[in-house]
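What follows is a set of notes on a single structure, which appears directly below.
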Amino acid sequence: MGNLFAKKEKKPAKSRVTEQDKAILQLKQQRDKLKQYQKKINVQLEKDREVARSLLREGKKDKAKLMLRKKKFQESLLVKTDGQLDNIEQMVQDIEFAQVESEVVKGLQVGNASLKKMHEILSLEDVERIMDETHEGIEKQREIDELLSGGLTAEDESDVLAELEEIMKQSEDLSLPDVPKEQIGEPEPEPAKKRKAEVEERTAVLAS
(Lines give C-alpha, C1' and ligand atoms only; values in the text may rest on other atoms or scores of the structure.)
Protein backbone atom coordinates (compact mmCIF):
# COMPACT_ATOMS: atom_id res chain seq x y z
CA MET A 1 0.00 0.00 0.00
CA GLY A 2 2.82 2.31 0.84
CA ASN A 3 4.22 1.96 -2.65
CA LEU A 4 0.88 2.99 -4.16
CA PHE A 5 0.80 6.33 -2.34
CA ALA A 6 4.49 6.96 -2.55
CA LYS A 7 5.42 10.12 -4.37
CA LYS A 8 7.20 9.67 -7.61
CA GLU A 9 10.65 11.09 -7.52
CA LYS A 10 11.14 13.84 -10.03
CA LYS A 11 13.94 13.37 -12.45
CA PRO A 12 16.50 16.13 -12.22
CA ALA A 13 16.20 18.63 -15.01
CA LYS A 14 18.80 18.26 -17.67
CA SER A 15 21.40 20.95 -17.35
CA ARG A 16 21.75 23.32 -20.26
CA VAL A 17 25.37 24.01 -19.35
CA THR A 18 27.60 22.23 -21.85
CA GLU A 19 31.15 21.03 -21.40
CA GLN A 20 32.29 23.92 -23.55
CA ASP A 21 30.55 26.35 -21.20
CA LYS A 22 32.34 24.79 -18.25
CA ALA A 23 35.68 25.01 -20.05
CA ILE A 24 35.11 28.68 -20.86
CA LEU A 25 34.19 29.39 -17.24
CA GLN A 26 37.34 27.70 -15.96
CA LEU A 27 39.52 29.56 -18.43
CA LYS A 28 38.00 32.88 -17.42
CA GLN A 29 38.54 32.08 -13.76
CA GLN A 30 42.20 31.27 -14.53
CA ARG A 31 42.47 34.53 -16.44
CA ASP A 32 41.15 36.49 -13.46
CA LYS A 33 43.66 34.78 -11.16
CA LEU A 34 46.53 35.66 -13.48
CA LYS A 35 45.42 39.29 -13.55
CA GLN A 36 45.30 39.36 -9.76
CA TYR A 37 48.80 37.81 -9.71
CA GLN A 38 50.07 40.48 -12.10
CA LYS A 39 48.66 43.20 -9.92
CA LYS A 40 50.38 41.68 -6.90
CA ILE A 41 53.70 41.41 -8.76
CA ASN A 42 53.52 45.03 -9.88
CA VAL A 43 52.99 46.15 -6.29
CA GLN A 44 55.92 43.99 -5.16
CA LEU A 45 58.17 45.34 -7.88
CA GLU A 46 57.55 48.89 -6.72
CA LYS A 47 58.36 47.88 -3.13
CA ASP A 48 61.57 46.10 -4.22
CA ARG A 49 62.65 49.22 -6.08
CA GLU A 50 62.14 51.37 -3.01
CA VAL A 51 64.04 48.85 -0.84
CA ALA A 52 66.97 48.86 -3.29
CA ARG A 53 67.09 52.66 -3.12
CA SER A 54 67.11 52.58 0.65
CA LEU A 55 69.93 50.01 0.72
CA LEU A 56 71.99 52.12 -1.65
CA ARG A 57 71.49 55.16 0.57
CA GLU A 58 72.68 53.08 3.49
CA GLY A 59 75.73 51.99 1.50
CA LYS A 60 74.65 48.38 1.28
CA LYS A 61 75.37 47.95 -2.37
CA ASP A 62 75.46 44.13 -2.40
CA LYS A 63 72.08 43.83 -0.76
CA ALA A 64 70.66 46.43 -3.14
CA LYS A 65 72.05 44.44 -6.07
CA LEU A 66 70.46 41.26 -4.72
CA MET A 67 67.12 43.03 -4.38
CA LEU A 68 67.31 44.24 -7.98
CA ARG A 69 68.02 40.66 -9.15
CA LYS A 70 64.90 39.54 -7.33
CA LYS A 71 62.99 42.36 -8.99
CA LYS A 72 64.31 41.34 -12.43
CA PHE A 73 63.21 37.74 -11.87
CA GLN A 74 59.73 38.85 -10.90
CA GLU A 75 59.56 41.02 -14.03
CA SER A 76 60.36 37.94 -16.13
CA LEU A 77 57.48 36.15 -14.40
CA LEU A 78 55.25 39.08 -15.24
CA VAL A 79 56.16 38.74 -18.92
CA LYS A 80 55.31 35.04 -18.78
CA THR A 81 51.92 35.77 -17.28
CA ASP A 82 51.23 38.18 -20.16
CA GLY A 83 51.82 35.31 -22.60
CA GLN A 84 49.61 33.01 -20.57
CA LEU A 85 46.83 35.59 -20.54
CA ASP A 86 47.07 35.92 -24.32
CA ASN A 87 46.81 32.14 -24.68
CA ILE A 88 43.79 31.98 -22.39
CA GLU A 89 42.02 34.80 -24.21
CA GLN A 90 42.67 33.12 -27.56
CA MET A 91 41.41 29.77 -26.26
CA VAL A 92 38.23 31.34 -24.90
CA GLN A 93 37.58 32.99 -28.25
CA ASP A 94 38.23 29.74 -30.12
CA ILE A 95 35.80 27.79 -27.92
CA GLU A 96 33.10 30.46 -28.20
CA PHE A 97 33.52 30.57 -31.97
CA ALA A 98 33.37 26.77 -32.10
CA GLN A 99 30.07 26.93 -30.21
CA VAL A 100 28.71 29.38 -32.76
CA GLU A 101 29.87 27.12 -35.58
CA SER A 102 28.23 24.15 -33.87
CA GLU A 103 24.90 26.01 -33.65
CA VAL A 104 25.19 26.97 -37.31
CA VAL A 105 25.82 23.35 -38.27
CA LYS A 106 22.82 22.22 -36.23
CA GLY A 107 20.68 24.84 -37.93
CA LEU A 108 21.88 23.65 -41.35
CA GLN A 109 21.07 20.06 -40.41
CA VAL A 110 17.53 21.00 -39.38
CA GLY A 111 17.10 23.05 -42.55
CA ASN A 112 18.37 20.23 -44.75
CA ALA A 113 16.04 17.75 -43.05
CA SER A 114 13.10 20.09 -43.58
CA LEU A 115 13.99 20.57 -47.23
CA LYS A 116 14.30 16.81 -47.68
CA LYS A 117 10.83 16.28 -46.23
CA MET A 118 9.40 18.99 -48.47
CA HIS A 119 11.03 17.40 -51.51
CA GLU A 120 9.54 14.05 -50.54
CA ILE A 121 6.08 15.60 -50.23
CA LEU A 122 6.31 17.70 -53.37
CA SER A 123 8.03 16.15 -56.38
CA LEU A 124 9.48 18.01 -59.34
CA GLU A 125 6.55 16.87 -61.51
CA ASP A 126 4.10 18.32 -58.99
CA VAL A 127 5.92 21.63 -59.02
CA GLU A 128 5.89 21.76 -62.82
CA ARG A 129 2.19 20.89 -62.91
CA ILE A 130 1.35 23.57 -60.34
CA MET A 131 3.42 26.13 -62.23
CA ASP A 132 1.64 25.24 -65.50
CA GLU A 133 -1.77 25.49 -63.87
CA THR A 134 -0.82 28.79 -62.30
CA HIS A 135 0.41 30.10 -65.64
CA GLU A 136 -2.81 29.00 -67.37
CA GLY A 137 -4.90 30.65 -64.67
CA ILE A 138 -2.96 33.90 -64.98
CA GLU A 139 -3.28 33.91 -68.77
CA LYS A 140 -7.01 33.22 -68.58
CA GLN A 141 -7.56 35.99 -66.07
CA ARG A 142 -5.51 38.33 -68.23
CA GLU A 143 -7.70 37.54 -71.23
CA ILE A 144 -10.83 38.21 -69.16
CA ASP A 145 -9.39 41.50 -67.90
CA GLU A 146 -8.47 42.59 -71.42
CA LEU A 147 -11.92 41.64 -72.69
CA LEU A 148 -13.68 43.59 -69.95
CA SER A 149 -11.44 46.58 -70.38
CA GLY A 150 -11.91 46.64 -74.16
CA GLY A 151 -8.37 45.63 -74.86
CA LEU A 152 -9.16 43.92 -78.20
CA THR A 153 -7.24 44.15 -81.44
CA ALA A 154 -8.66 45.82 -84.53
CA GLU A 155 -9.32 42.42 -86.06
CA ASP A 156 -11.19 41.30 -82.95
CA GLU A 157 -13.30 44.45 -82.99
CA SER A 158 -14.15 43.89 -86.67
CA ASP A 159 -15.24 40.31 -85.96
CA VAL A 160 -17.39 41.51 -83.04
CA LEU A 161 -19.14 44.13 -85.23
CA ALA A 162 -19.74 41.62 -88.03
CA GLU A 163 -21.23 39.12 -85.60
CA LEU A 164 -23.39 41.86 -84.08
CA GLU A 165 -24.75 42.87 -87.49
CA GLU A 166 -25.51 39.23 -88.33
CA ILE A 167 -27.45 38.78 -85.10
CA MET A 168 -29.39 42.01 -85.69
CA LYS A 169 -30.25 40.92 -89.24
CA GLN A 170 -31.50 37.56 -88.03
CA SER A 171 -33.61 39.28 -85.39
CA GLU A 172 -35.19 41.61 -87.99
CA ASP A 173 -36.04 38.70 -90.30
CA LEU A 174 -37.81 36.90 -87.49
CA SER A 175 -39.82 39.90 -86.26
CA LEU A 176 -41.15 41.34 -89.63
CA PRO A 177 -44.80 40.35 -90.52
CA ASP A 178 -45.74 38.72 -93.84
CA VAL A 179 -46.40 41.11 -96.72
CA PRO A 180 -50.13 40.94 -97.80
CA LYS A 181 -50.74 39.73 -101.38
CA GLU A 182 -53.72 42.08 -102.08
CA GLN A 183 -53.12 45.74 -102.53
CA ILE A 184 -54.57 47.72 -99.75
CA GLY A 185 -55.95 51.12 -100.73
CA GLU A 186 -57.51 53.94 -98.79
CA PRO A 187 -61.17 53.34 -97.83
CA GLU A 188 -63.67 55.35 -99.92
CA PRO A 189 -65.65 58.04 -98.13
CA GLU A 190 -69.34 57.35 -97.42
CA PRO A 191 -70.85 59.92 -99.94
CA ALA A 192 -68.74 58.51 -102.72
CA LYS A 193 -70.09 55.05 -102.04
CA LYS A 194 -73.68 56.38 -102.20
CA ARG A 195 -73.14 58.12 -105.53
CA LYS A 196 -71.51 55.07 -106.99
CA ALA A 197 -74.51 52.94 -105.96
CA GLU A 198 -76.93 55.39 -107.60
CA VAL A 199 -74.95 55.37 -110.86
CA GLU A 200 -74.90 51.62 -110.93
CA GLU A 201 -78.66 51.52 -110.30
CA ARG A 202 -79.47 53.93 -113.17
CA THR A 203 -77.21 52.05 -115.51
CA ALA A 204 -79.09 48.89 -114.75
CA VAL A 205 -82.54 50.54 -115.42
CA LEU A 206 -81.46 51.95 -118.76
CA ALA A 207 -80.00 48.67 -119.81
CA SER A 208 -83.37 46.93 -119.14
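Each chain of the C-alpha coordinates is named A, B, ... in the order shown, its residues numbered from 1; ligands are numbered from 1 in display order.
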
Selection near stretch 48-59 of chain A, 10 Å with only C-alpha atoms, sequence-local residues under 6 positions removed, as a list in words
Asn42, Lys65, Leu66, Met67, Leu68, Arg69, Lys70, Lys71 and Lys72 of chain A

Could you name the residues that touch stretch 18-34 of chain A at 12 Å or less, counting only C-alpha atoms, but leaving out those on the same chain fewer than 3 positions away, as an NGL selection string?
:A and (14-15 or 37-41 or 77-100 or 102)

Going by DSSP on the backbone, which bits of stretch 75-189 of chain A are helix (DSSP H, G or I)? Write them as a PyMOL selection string, please.
chain A and resi 75-121+124-148+154-175
